[in-house]
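J.: For reference, the file my_file-v8.txt (compact mmCIF, C-alpha atoms and all ligand atoms) is included below:
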# COMPACT_ATOMS: atom_id res chain seq x y z
CA MET A 247 80.74 -51.01 -64.60
CA PRO A 248 80.67 -52.93 -67.88
CA GLU A 249 77.93 -55.53 -67.98
CA THR A 250 79.19 -59.04 -68.55
CA LYS A 251 75.98 -60.91 -69.28
CA ARG A 252 76.04 -60.16 -72.95
CA GLY A 253 79.75 -59.62 -73.15
CA ASP A 254 81.21 -56.54 -74.69
CA PHE A 255 79.40 -56.82 -78.01
CA PHE A 256 75.80 -56.66 -79.07
CA ASP A 257 76.06 -59.42 -81.67
CA ASP A 258 78.53 -61.68 -83.46
CA LEU A 259 78.60 -59.52 -86.57
CA GLU A 260 80.59 -56.85 -84.76
CA THR A 261 83.62 -59.09 -84.34
CA MET A 262 83.59 -61.05 -87.61
CA PRO A 263 87.06 -61.75 -88.99
CA SER A 264 87.52 -60.02 -92.33
CA GLU A 265 87.13 -63.16 -94.49
CA LYS A 266 83.90 -63.98 -92.70
CA ARG A 267 82.61 -60.43 -93.22
CA GLU A 268 83.46 -60.66 -96.89
CA ARG A 269 81.46 -63.90 -97.23
CA TYR A 270 78.62 -62.39 -95.20
CA PHE A 271 78.44 -59.29 -97.41
CA LYS A 272 78.56 -61.37 -100.59
CA GLN A 273 75.68 -63.54 -99.45
CA LYS A 274 73.58 -60.62 -98.19
CA LEU A 275 74.26 -58.55 -101.27
CA ALA A 276 73.24 -61.36 -103.61
CA GLU A 277 70.03 -61.95 -101.64
CA THR A 278 69.23 -58.24 -101.51
CA ILE A 279 69.83 -57.61 -105.22
CA ASP A 280 67.94 -60.71 -106.35
CA TYR A 281 65.00 -59.99 -104.09
CA ALA A 282 64.81 -56.29 -104.94
CA TYR A 283 65.16 -56.95 -108.67
CA HIS A 284 62.25 -59.38 -108.70
CA ASN A 285 59.99 -57.42 -106.35
CA ALA A 286 60.73 -53.70 -106.72
CA PRO A 287 59.93 -52.32 -110.21
CA SER A 288 62.30 -49.35 -109.85
CA THR A 289 65.24 -51.52 -108.82
CA LYS A 290 64.59 -53.72 -111.86
CA GLU A 291 64.51 -50.63 -114.06
CA ILE A 292 67.81 -49.35 -112.64
CA LEU A 293 69.58 -52.65 -113.34
CA ASP A 294 67.97 -53.11 -116.76
CA ARG A 295 68.94 -49.59 -117.80
CA ALA A 296 72.52 -50.21 -116.69
CA GLY A 297 72.48 -53.44 -118.71
CA VAL A 298 73.35 -55.44 -115.62
CA SER A 299 71.66 -58.64 -114.51
CA PRO A 300 71.27 -59.38 -110.78
CA SER A 301 73.69 -62.30 -111.07
CA GLN A 302 76.42 -59.85 -112.11
CA ILE A 303 76.26 -58.07 -108.73
CA ARG A 304 77.99 -60.45 -106.35
CA THR A 305 80.72 -58.40 -104.68
CA ILE A 306 80.88 -54.88 -103.27
CA LYS A 307 83.13 -53.94 -106.18
CA ASP A 308 80.37 -55.03 -108.61
CA LEU A 309 78.13 -52.30 -107.20
CA GLU A 310 80.18 -49.77 -109.16
CA ARG A 311 78.31 -50.96 -112.24
CA LEU A 312 75.08 -49.47 -110.89
CA PRO A 313 74.18 -45.77 -110.80
CA ILE A 314 73.85 -43.89 -107.51
CA THR A 315 70.32 -42.86 -106.54
CA ARG A 316 70.23 -39.50 -104.81
CA LYS A 317 67.64 -37.83 -102.63
CA THR A 318 66.34 -35.61 -105.45
CA GLU A 319 65.80 -38.65 -107.68
CA LEU A 320 64.08 -40.52 -104.89
CA ILE A 321 61.70 -37.59 -104.36
CA GLU A 322 60.94 -37.48 -108.11
CA LEU A 323 60.40 -41.23 -108.27
CA GLN A 324 58.04 -41.12 -105.32
CA LYS A 325 56.07 -38.38 -107.06
CA SER A 326 55.79 -40.32 -110.32
CA LYS A 327 55.26 -43.71 -108.66
CA PRO A 328 53.56 -42.94 -105.35
CA PRO A 329 54.01 -43.57 -102.60
CA TYR A 330 57.30 -45.52 -102.46
CA GLY A 331 58.79 -44.70 -105.86
CA GLY A 332 58.66 -48.31 -107.04
CA PHE A 333 61.04 -49.51 -104.32
CA LEU A 334 58.52 -51.34 -102.14
CA THR A 335 59.10 -55.08 -102.35
CA ILE A 336 56.15 -56.39 -100.32
CA PRO A 337 52.37 -55.84 -100.38
CA ALA A 338 51.64 -52.36 -99.00
CA GLU A 339 49.41 -53.77 -96.24
CA ASP A 340 52.37 -55.73 -94.86
CA VAL A 341 54.45 -52.63 -94.18
CA ASP A 342 55.01 -52.44 -90.44
CA ARG A 343 55.81 -48.76 -90.17
CA ILE A 344 56.43 -45.83 -92.44
CA PHE A 345 59.14 -43.28 -91.85
CA LEU A 346 58.97 -39.79 -93.22
CA SER A 347 61.95 -37.69 -94.07
CA PRO A 348 61.99 -34.20 -95.55
CA GLY A 349 61.08 -34.15 -99.22
CA PRO A 350 58.78 -35.81 -98.25
CA ILE A 351 60.24 -39.26 -98.68
CA TYR A 352 58.27 -42.26 -97.44
CA GLU A 353 60.32 -45.18 -96.20
CA PRO A 354 58.70 -48.52 -95.44
CA LEU A 355 60.23 -50.60 -92.68
CA HIS A 356 59.56 -53.96 -91.15
CA ILE A 357 59.86 -54.46 -87.43
CA GLU A 358 61.72 -57.78 -87.55
CA ASN A 359 64.56 -55.92 -89.18
CA ILE A 360 65.34 -53.32 -86.55
CA LYS A 361 66.83 -55.20 -83.59
CA TRP A 362 70.31 -54.40 -84.85
CA PHE A 363 69.77 -50.70 -84.23
CA ALA A 364 70.42 -51.21 -80.52
CA LYS A 365 74.08 -51.90 -81.32
CA THR A 366 74.89 -48.23 -81.40
CA PHE A 367 73.44 -47.61 -77.92
CA PHE A 368 75.08 -50.75 -76.60
CA ALA A 369 78.46 -49.57 -77.87
CA ALA A 370 77.82 -46.27 -76.08
CA GLY A 371 77.47 -48.20 -72.82
CA PHE A 372 73.68 -48.24 -72.33
CA ARG A 373 72.66 -51.23 -70.21
CA LYS A 374 69.98 -52.56 -67.87
CA GLY A 375 69.53 -50.18 -64.97
CA ASP A 376 70.08 -47.07 -67.07
CA ILE A 377 67.29 -44.56 -67.25
CA VAL A 378 67.61 -42.66 -70.49
CA ILE A 379 66.08 -39.43 -71.71
CA ASN A 380 65.25 -39.81 -75.40
CA SER A 381 64.92 -36.27 -76.66
CA PHE A 382 64.28 -37.40 -80.23
CA THR A 383 60.78 -38.54 -79.36
CA TYR A 384 59.16 -35.23 -80.07
CA HIS A 385 55.58 -36.27 -80.87
CA MET A 386 57.08 -39.76 -81.24
CA SER A 387 58.90 -38.97 -84.47
CA PRO A 388 59.98 -42.04 -86.48
CA ALA A 389 63.58 -41.83 -85.33
CA GLY A 390 62.36 -41.35 -81.79
CA VAL A 391 60.33 -44.57 -81.90
CA LEU A 392 63.26 -46.49 -83.34
CA PHE A 393 65.62 -45.13 -80.68
CA HIS A 394 63.08 -45.85 -77.96
CA GLU A 395 62.91 -49.53 -78.93
CA ALA A 396 66.66 -49.77 -79.37
CA ILE A 397 67.36 -48.30 -75.92
CA ARG A 398 64.94 -50.89 -74.54
CA ASP A 399 66.75 -53.63 -76.46
CA CYS A 400 69.93 -52.74 -74.55
CA GLY A 401 68.02 -53.36 -71.35
CA ALA A 402 67.82 -49.69 -70.43
CA THR A 403 64.64 -47.75 -69.64
CA PRO A 404 63.84 -44.88 -72.03
CA ILE A 405 61.83 -41.80 -71.17
CA ALA A 406 60.06 -40.33 -74.21
CA MET A 407 60.86 -36.66 -73.62
CA GLY A 408 61.29 -34.77 -76.86
CA VAL A 409 63.10 -31.44 -76.82
CA GLY A 410 62.19 -28.12 -75.28
CA ASN A 411 60.74 -27.34 -71.89
CA THR A 412 64.21 -27.44 -70.44
CA GLU A 413 63.08 -27.03 -66.85
CA VAL A 414 60.86 -30.13 -67.04
CA GLN A 415 63.78 -32.04 -68.54
CA ILE A 416 66.02 -30.98 -65.70
CA GLN A 417 63.46 -31.89 -63.07
CA THR A 418 62.95 -35.29 -64.73
CA MET A 419 66.71 -35.89 -64.86
CA HIS A 420 66.88 -35.06 -61.20
CA ASP A 421 63.79 -36.90 -59.88
CA LEU A 422 64.31 -40.10 -61.87
CA LYS A 423 68.09 -40.10 -61.42
CA VAL A 424 68.51 -40.23 -65.17
CA THR A 425 71.84 -41.81 -66.18
CA GLY A 426 71.75 -41.48 -69.95
CA PHE A 427 70.87 -38.90 -72.57
CA VAL A 428 70.01 -39.40 -76.24
CA GLY A 429 69.75 -36.30 -78.40
CA THR A 430 71.89 -33.50 -79.75
CA PRO A 431 75.00 -32.27 -77.92
CA SER A 432 73.83 -28.67 -78.00
CA PHE A 433 70.56 -29.53 -76.31
CA LEU A 434 72.30 -31.45 -73.53
CA MET A 435 74.63 -28.52 -72.94
CA THR A 436 71.66 -26.13 -72.83
CA ALA A 437 70.06 -28.32 -70.15
CA ILE A 438 73.28 -28.44 -68.12
CA LYS A 439 73.73 -24.66 -68.28
CA ARG A 440 70.12 -24.10 -67.28
CA ALA A 441 70.54 -26.48 -64.33
CA GLU A 442 73.55 -24.47 -63.25
CA GLU A 443 71.58 -21.23 -63.49
CA MET A 444 68.99 -22.86 -61.26
CA GLY A 445 71.70 -23.28 -58.64
CA HIS A 446 72.67 -26.92 -59.23
CA ASP A 447 76.12 -28.40 -59.34
CA PHE A 448 75.43 -30.67 -62.31
CA ARG A 449 78.09 -33.23 -61.58
CA ARG A 450 77.11 -33.54 -57.93
CA ASP A 451 73.33 -33.25 -58.15
CA PHE A 452 72.69 -35.32 -61.30
CA ALA A 453 73.45 -38.90 -62.35
CA VAL A 454 73.85 -38.37 -66.11
CA ARG A 455 77.04 -40.25 -67.06
CA LYS A 456 76.57 -41.27 -70.68
CA ALA A 457 75.26 -39.57 -73.76
CA TRP A 458 74.57 -40.66 -77.32
CA PHE A 459 74.43 -38.03 -80.04
CA THR A 460 73.42 -37.81 -83.66
CA GLY A 461 72.04 -35.23 -86.06
CA GLU A 462 74.62 -32.61 -85.24
CA MET A 463 78.41 -32.36 -85.41
CA LEU A 464 79.98 -32.85 -81.99
CA ALA A 465 82.55 -30.08 -81.72
CA PRO A 466 85.76 -31.31 -80.03
CA SER A 467 85.62 -28.45 -77.50
CA LEU A 468 82.04 -29.32 -76.52
CA ARG A 469 82.93 -32.99 -76.23
CA LYS A 470 85.91 -32.18 -74.02
CA SER A 471 83.76 -30.06 -71.74
CA LEU A 472 81.02 -32.71 -71.44
CA GLU A 473 83.58 -35.41 -70.71
CA GLU A 474 85.97 -33.54 -68.44
CA ASP A 475 83.88 -30.88 -66.75
CA TYR A 476 80.72 -32.94 -66.34
CA GLY A 477 81.98 -36.54 -66.32
CA ILE A 478 79.71 -37.63 -69.17
CA SER A 479 80.97 -40.32 -71.52
CA THR A 480 79.90 -39.32 -75.04
CA ALA A 481 79.33 -41.37 -78.21
CA GLN A 482 78.28 -40.26 -81.65
CA ALA A 483 76.52 -42.06 -84.44
CA TYR A 484 75.99 -41.30 -88.10
CA ALA A 485 72.36 -41.73 -89.07
CA VAL A 486 70.62 -41.13 -92.39
CA THR A 487 66.86 -41.52 -92.64
CA GLU A 488 66.31 -42.50 -96.30
CA PRO A 489 68.09 -45.87 -96.14
CA GLY A 490 66.47 -46.44 -92.77
CA GLY A 491 68.78 -45.67 -89.91
CA CYS A 492 72.18 -45.70 -88.33
CA LEU A 493 75.09 -46.36 -90.68
CA ALA A 494 78.00 -46.04 -88.29
CA TYR A 495 78.61 -45.70 -84.57
CA GLU A 496 81.34 -44.95 -82.10
CA CYS A 497 82.70 -47.39 -79.54
CA SER A 498 84.46 -46.62 -76.29
CA GLN A 499 87.63 -45.69 -78.22
CA LYS A 500 85.90 -42.66 -79.75
CA SER A 501 88.19 -42.70 -82.73
CA GLY A 502 85.91 -43.11 -85.71
CA MET A 503 82.51 -44.71 -86.23
CA HIS A 504 82.30 -48.43 -86.94
CA PHE A 505 80.39 -49.40 -90.08
CA MET A 506 77.07 -51.02 -89.24
CA ASP A 507 77.04 -54.49 -90.79
CA GLU A 508 73.39 -54.11 -91.80
CA TYR A 509 74.51 -51.87 -94.67
CA ILE A 510 77.03 -51.99 -97.42
CA ILE A 511 78.86 -48.71 -97.18
CA GLU A 512 80.98 -47.41 -100.03
CA ILE A 513 83.06 -44.24 -100.15
CA VAL A 514 82.97 -43.11 -103.75
CA ASP A 515 83.99 -40.36 -106.10
CA PRO A 516 80.62 -38.54 -106.38
CA GLU A 517 81.32 -37.70 -110.01
CA THR A 518 82.13 -41.19 -111.27
CA GLY A 519 80.62 -43.48 -108.63
CA LYS A 520 83.94 -45.35 -108.43
CA GLN A 521 84.95 -46.65 -105.01
CA LEU A 522 87.81 -45.00 -103.14
CA GLY A 523 90.31 -46.52 -100.75
CA PRO A 524 91.04 -45.93 -97.07
CA GLY A 525 91.89 -42.32 -96.25
CA GLU A 526 90.46 -40.94 -99.49
CA THR A 527 87.64 -38.45 -99.09
CA GLY A 528 84.48 -39.24 -101.01
CA GLU A 529 80.70 -39.50 -100.78
CA ILE A 530 79.08 -42.05 -98.48
CA VAL A 531 76.92 -44.37 -100.58
CA VAL A 532 74.80 -46.96 -98.84
CA THR A 533 72.90 -50.13 -99.69
CA PRO A 534 70.73 -51.51 -96.88
CA ILE A 535 70.98 -55.29 -96.71
CA HIS A 536 68.72 -55.82 -93.72
CA ASN A 537 65.45 -54.23 -94.82
CA LYS A 538 63.82 -56.48 -97.38
CA THR A 539 60.83 -54.18 -97.75
CA TRP A 540 62.85 -51.42 -99.36
CA GLY A 541 64.71 -52.13 -102.60
CA LEU A 542 66.94 -49.09 -102.42
CA ILE A 543 70.37 -49.82 -103.89
CA ARG A 544 73.34 -47.42 -103.78
CA PHE A 545 71.72 -44.45 -102.10
CA GLY A 546 73.98 -41.38 -102.25
CA THR A 547 73.88 -39.58 -98.91
CA GLY A 548 75.62 -36.44 -100.15
CA ASP A 549 77.87 -36.58 -97.08
CA MET A 550 81.62 -36.63 -97.56
CA SER A 551 83.81 -38.80 -95.39
CA TYR A 552 86.79 -41.14 -95.40
CA TYR A 553 87.44 -44.43 -93.67
CA THR A 554 90.16 -46.38 -91.96
CA THR A 555 90.85 -50.12 -91.92
CA ASP A 556 93.18 -49.84 -88.91
CA PRO A 557 92.27 -52.36 -86.20
CA CYS A 558 90.28 -50.86 -83.31
CA PRO A 559 91.35 -51.77 -79.76
CA CYS A 560 87.68 -52.26 -78.80
CA GLY A 561 87.63 -55.58 -80.67
CA ARG A 562 85.04 -54.62 -83.28
CA THR A 563 86.42 -55.53 -86.66
CA SER A 564 84.49 -53.35 -89.10
CA ASN A 565 86.05 -50.38 -90.86
CA ARG A 566 85.44 -46.96 -89.38
CA LEU A 567 84.30 -43.65 -90.81
CA VAL A 568 86.83 -41.21 -89.44
CA ALA A 569 84.68 -38.09 -89.66
CA ILE A 570 81.90 -36.53 -91.68
CA VAL A 571 83.79 -33.73 -93.36
CA GLY A 572 81.08 -31.89 -95.29
CA ARG A 573 78.67 -32.13 -98.20
CA ALA A 574 79.45 -33.41 -101.68
CA GLY A 575 78.14 -30.16 -103.18
CA ASP A 576 80.81 -28.22 -101.26
CA ALA A 577 83.68 -30.33 -102.48
CA ILE A 578 86.08 -29.63 -105.31
CA LYS A 579 88.30 -32.22 -106.87
CA VAL A 580 91.95 -31.26 -107.03
CA ARG A 581 94.34 -33.73 -108.66
CA GLY A 582 91.98 -36.60 -107.89
CA MET A 583 91.38 -35.65 -104.25
CA PHE A 584 88.26 -33.98 -102.94
CA VAL A 585 88.85 -30.81 -100.98
CA VAL A 586 85.77 -30.12 -98.89
CA THR A 587 85.08 -26.50 -97.91
CA LYS A 588 84.46 -27.29 -94.25
CA GLN A 589 87.61 -29.38 -93.97
CA ALA A 590 89.72 -26.64 -95.52
CA GLU A 591 88.15 -24.04 -93.24
CA ALA A 592 89.00 -26.14 -90.20
CA VAL A 593 92.66 -26.27 -91.25
CA PHE A 594 92.99 -22.53 -91.86
CA SER A 595 91.09 -21.53 -88.74
CA SER A 596 93.57 -23.48 -86.63
CA PHE A 597 96.20 -20.85 -87.51
CA ASP A 598 95.63 -17.72 -85.45
CA GLN A 599 97.95 -15.68 -87.63
CA ILE A 600 95.59 -15.89 -90.62
CA SER A 601 92.74 -13.40 -90.86
CA THR A 602 91.29 -14.29 -94.28
CA PHE A 603 92.07 -16.89 -96.91
CA GLN A 604 90.92 -18.19 -100.23
CA ILE A 605 91.82 -21.34 -102.11
CA VAL A 606 92.08 -20.83 -105.85
CA VAL A 607 92.14 -23.86 -108.11
CA GLY A 608 93.36 -23.29 -111.65
CA ARG A 609 94.84 -25.36 -114.41
CA LYS A 610 98.40 -25.28 -115.67
CA GLY A 611 98.87 -27.49 -118.71
CA GLN A 612 97.32 -30.82 -117.86
CA ARG A 613 97.62 -30.33 -114.13
CA ASP A 614 95.42 -28.76 -111.45
CA GLU A 615 97.16 -25.97 -109.62
CA MET A 616 96.09 -24.97 -106.15
CA THR A 617 97.00 -21.60 -104.66
CA PHE A 618 96.33 -20.38 -101.14
CA LYS A 619 95.78 -16.64 -100.87
CA ILE A 620 96.28 -15.46 -97.34
CA GLU A 621 95.79 -12.20 -95.49
CA LEU A 622 97.61 -12.02 -92.19
CA LYS A 623 96.59 -10.36 -88.95
CA ASP A 624 100.15 -9.21 -88.45
CA GLU A 625 102.65 -8.92 -91.32
CA ALA A 626 105.63 -9.31 -88.99
CA ILE A 627 105.35 -13.05 -88.43
CA ASP A 628 107.66 -15.80 -89.71
CA LYS A 629 106.04 -16.53 -93.06
CA SER A 630 108.19 -19.47 -93.99
CA GLN A 631 107.35 -21.20 -90.72
CA LEU A 632 103.65 -20.59 -91.32
CA THR A 633 103.99 -21.83 -94.91
CA ASN A 634 105.56 -25.07 -93.72
CA ASP A 635 103.08 -25.66 -90.91
CA LEU A 636 100.09 -24.85 -93.08
CA ASN A 637 101.30 -27.07 -95.92
CA GLN A 638 101.83 -29.95 -93.56
CA LYS A 639 98.47 -29.63 -91.81
CA PHE A 640 96.55 -29.13 -95.04
CA GLN A 641 98.13 -32.17 -96.62
CA GLU A 642 97.44 -34.26 -93.55
CA VAL A 643 93.75 -33.39 -93.63
CA CYS A 644 92.97 -32.96 -97.34
CA ARG A 645 95.71 -35.22 -98.76
CA VAL A 646 96.66 -32.79 -101.46
CA LYS A 647 99.35 -30.11 -101.40
CA ALA A 648 99.19 -26.44 -102.35
CA ASP A 649 101.38 -25.43 -105.26
CA LYS A 650 101.70 -21.84 -104.12
CA ILE A 651 101.04 -19.85 -101.00
CA GLU A 652 100.61 -16.14 -101.63
CA PHE A 653 100.54 -13.65 -98.80
CA VAL A 654 98.40 -10.77 -100.02
CA ALA A 655 97.75 -7.31 -98.58
CA LYS A 656 94.77 -6.80 -96.29
CA GLY A 657 91.59 -6.17 -98.28
CA THR A 658 92.77 -8.04 -101.40
CA ILE A 659 90.34 -10.91 -100.87
CA PRO A 660 86.82 -9.53 -101.29
CA GLU A 661 84.64 -9.63 -98.18
CA GLU A 662 82.09 -11.83 -99.93
CA HIS A 663 84.16 -14.64 -101.38
CA LYS A 664 83.97 -18.31 -102.07
CA THR A 665 86.22 -20.35 -99.78
CA ILE A 666 87.30 -22.41 -102.77
CA LEU A 667 87.35 -20.62 -106.10
CA ASP A 668 87.41 -22.99 -109.04
CA GLU A 669 88.87 -21.16 -112.06
CA ARG A 670 89.31 -24.20 -114.22
CA THR A 671 87.55 -24.36 -117.54
CA TRP A 672 86.94 -27.64 -119.24
CA GLU A 673 86.88 -27.82 -122.99
ZN ZN A 701 86.05 -49.73 -81.79
Do you think you could lay out the structure here as structure tokens?

T.:
Amino acid sequence: MPETKRGDFFDDLETMPSEKRERYFKQKLAETIDYAYHNAPSTKEILDRAGVSPSQIRTIKDLERLPITRKTELIELQKSKPPYGGFLTIPAEDVDRIFLSPGPIYEPLHIENIKWFAKTFFAAGFRKGDIVINSFTYHMSPAGVLFHEAIRDCGATPIAMGVGNTEVQIQTMHDLKVTGFVGTPSFLMTAIKRAEEMGHDFRRDFAVRKAWFTGEMLAPSLRKSLEEDYGISTAQAYAVTEPGGCLAYECSQKSGMHFMDEYIIEIVDPETGKQLGPGETGEIVVTPIHNKTWGLIRFGTGDMSYYTTDPCPCGRTSNRLVAIVGRAGDAIKVRGMFVVTKQAEAVFSSFDQISTFQIVVGRKGQRDEMTFKIELKDEAIDKSQLTNDLNQKFQEVCRVKADKIEFVAKGTIPEEHKTILDERTWE
């Protein structure tokens, strides 16, 4: 039953009309840039080097004038200017908590700035009365602590469980009539399967009805099984540790992840840093505008995605990331569009007739030329039908069309091969 006390939304930001959001972002961006410039030496250096004054960064578009800071650079900066790489904006003794992400990267955070995080759990349906296993709290990891507090902020009761010891998890789920799960989809499925091996009928004997996932791709088949076979409503969120949290989250519509209004999210061409439009695949670049302690501007996540501005029936008005399609390092630009290895693989693997394939990108005159080389399981199929279907699907997903499709004899494509072979030379 949806709770009515707070309404359907966690805060007013979620339903801002677009003009109001634009004003909100402008104001927050100006405050963030000004504050970071005057308090974080590395942010000042980045702007000075780009020849840009803080007053010149007033709109999201203006951010294009600043370079993207990537994880490797952040690690280097933290080594040369320990411990925060020159991005700390407040006295070190005022830092409320420090997050660690692999690198290591140290991220300072202030507690007054984390209430918003609960939005993602709220959108997933967590409310007062829910008892929630938080499997990210292994040894109370930073994310686990944040999630714990956010679950509480929705009114629900978290259990700090961590992962592993599946039998104890199952017993806890059973004894405490746990209704919610926070963790990875694979771990939840492991627990369900184990419960079944122990003789339980999971749907009948357990009360788990909602789950919130991050940190792992949720395969459509796994989602379908959790939802339909086990009656668990699932929601995913996109979280990145360096900029301090959750950048986007699903609502009950489960069709894309709403941008979190505590960040400015850009989808950019990773080579030029220029912003891309709706539907165009590019790197997710993020500027936190809620965490004053951390002057990180334009952090490049390395994740490739695309977004939609289509209205969402849930009533939230922010844009949505449609899917995380792969890593920037695995993407190749073809006629201005990024083709991401994983995305291409997903298209080809949806055709049973294909046994092996390779995408070859070459150059003909001033134009990129993309060829699909395909080995078939059975030569006797309707090749023109396959050509049409494949072309259509590929274009739908990657927004760029093959110039040629070559059906080659079995064994032509070497066993060890790159999915996308870039044969272009640039002189
Ligand atoms: Zn929605």

J.: Got a sec: who's within 12 Å of Gly390 of chain A, counting only C-alpha atoms, leaving out chain neighbours fewer than 2 positions off, as a PyMOL selection string?

T.: chain A and resi 345+379-388+392-397+404-409+428-429+460+487+491

J.: Given all atoms listed in the file, how would the per-residue table for chain A near ligand ZN 701 (chain A) read, listing every residue at most 9 Å away with its closest atom pair and distance in Å to one decimal, sorted by chain and number, as a Markdown table?

T.:
| residue | atom | partner | partner_atom | distance |
| --- | --- | --- | --- | --- |
| A:Ala369 | CA | A:ZN701 | ZN | 8.5 |
| A:Tyr495 | CA | A:ZN701 | ZN | 8.9 |
| A:Glu496 | CA | A:ZN701 | ZN | 6.7 |
| A:Cys497 | CA | A:ZN701 | ZN | 4.7 |
| A:Ser498 | CA | A:ZN701 | ZN | 6.5 |
| A:Gln499 | CA | A:ZN701 | ZN | 5.6 |
| A:Lys500 | CA | A:ZN701 | ZN | 7.4 |
| A:Ser501 | CA | A:ZN701 | ZN | 7.4 |
| A:Gly502 | CA | A:ZN701 | ZN | 7.7 |
| A:Met503 | CA | A:ZN701 | ZN | 7.6 |
| A:His504 | CA | A:ZN701 | ZN | 6.5 |
| A:Pro557 | CA | A:ZN701 | ZN | 8.1 |
| A:Cys558 | CA | A:ZN701 | ZN | 4.6 |
| A:Pro559 | CA | A:ZN701 | ZN | 6.0 |
| A:Cys560 | CA | A:ZN701 | ZN | 4.2 |
| A:Gly561 | CA | A:ZN701 | ZN | 6.2 |
| A:Arg562 | CA | A:ZN701 | ZN | 5.2 |
| A:Thr563 | CA | A:ZN701 | ZN | 7.6 |
| A:Ser564 | CA | A:ZN701 | ZN | 8.3 |
| A:Arg566 | CA | A:ZN701 | ZN | 8.1 |

J.: Have a look at A:Leu522, A:Met435, A:Ala574, A:Val424 and name the one nearest to Arg455 of chain A; count all atoms listed in the file.

T.: A:Val424

J.: From the set A:Phe452, A:Phe333, A:Phe271, A:Phe255, which residue has the shortest atom-to-atom contact distance to Glu291 of chain A, counting all atoms listed in the file?

T.: A:Phe333

J.: Pick out the residues sitting within 12 Å of Ser347 of chain A, and hand them over as a VMD selection string; count only C-alpha atoms, and ignore anything fewer than 5 positions along from it in its own chain.

T.: chain A and resid 317 320 to 321 352 to 354 387 to 389 486 to 491

J.: Based on the selection just made, write C-alpha atoms of those residues as a compact mmCIF listing (two decimals), keeping the file's coordinate frame.

T.:
# COMPACT_ATOMS: atom_id res chain seq x y z
CA LYS A 317 67.64 -37.83 -102.63
CA LEU A 320 64.08 -40.52 -104.89
CA ILE A 321 61.70 -37.59 -104.36
CA TYR A 352 58.27 -42.26 -97.44
CA GLU A 353 60.32 -45.18 -96.20
CA PRO A 354 58.70 -48.52 -95.44
CA SER A 387 58.90 -38.97 -84.47
CA PRO A 388 59.98 -42.04 -86.48
CA ALA A 389 63.58 -41.83 -85.33
CA VAL A 486 70.62 -41.13 -92.39
CA THR A 487 66.86 -41.52 -92.64
CA GLU A 488 66.31 -42.50 -96.30
CA PRO A 489 68.09 -45.87 -96.14
CA GLY A 490 66.47 -46.44 -92.77
CA GLY A 491 68.78 -45.67 -89.91

J.: Quick one: distance from atom CA of Lys619 of chain A to atom CA of Lys664 of chain A in Å, one decimal?

T.: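 Calculated distance between atom CA of Lys619 of chain A and atom CA of Lys664 of chain A is 12.0 Å.
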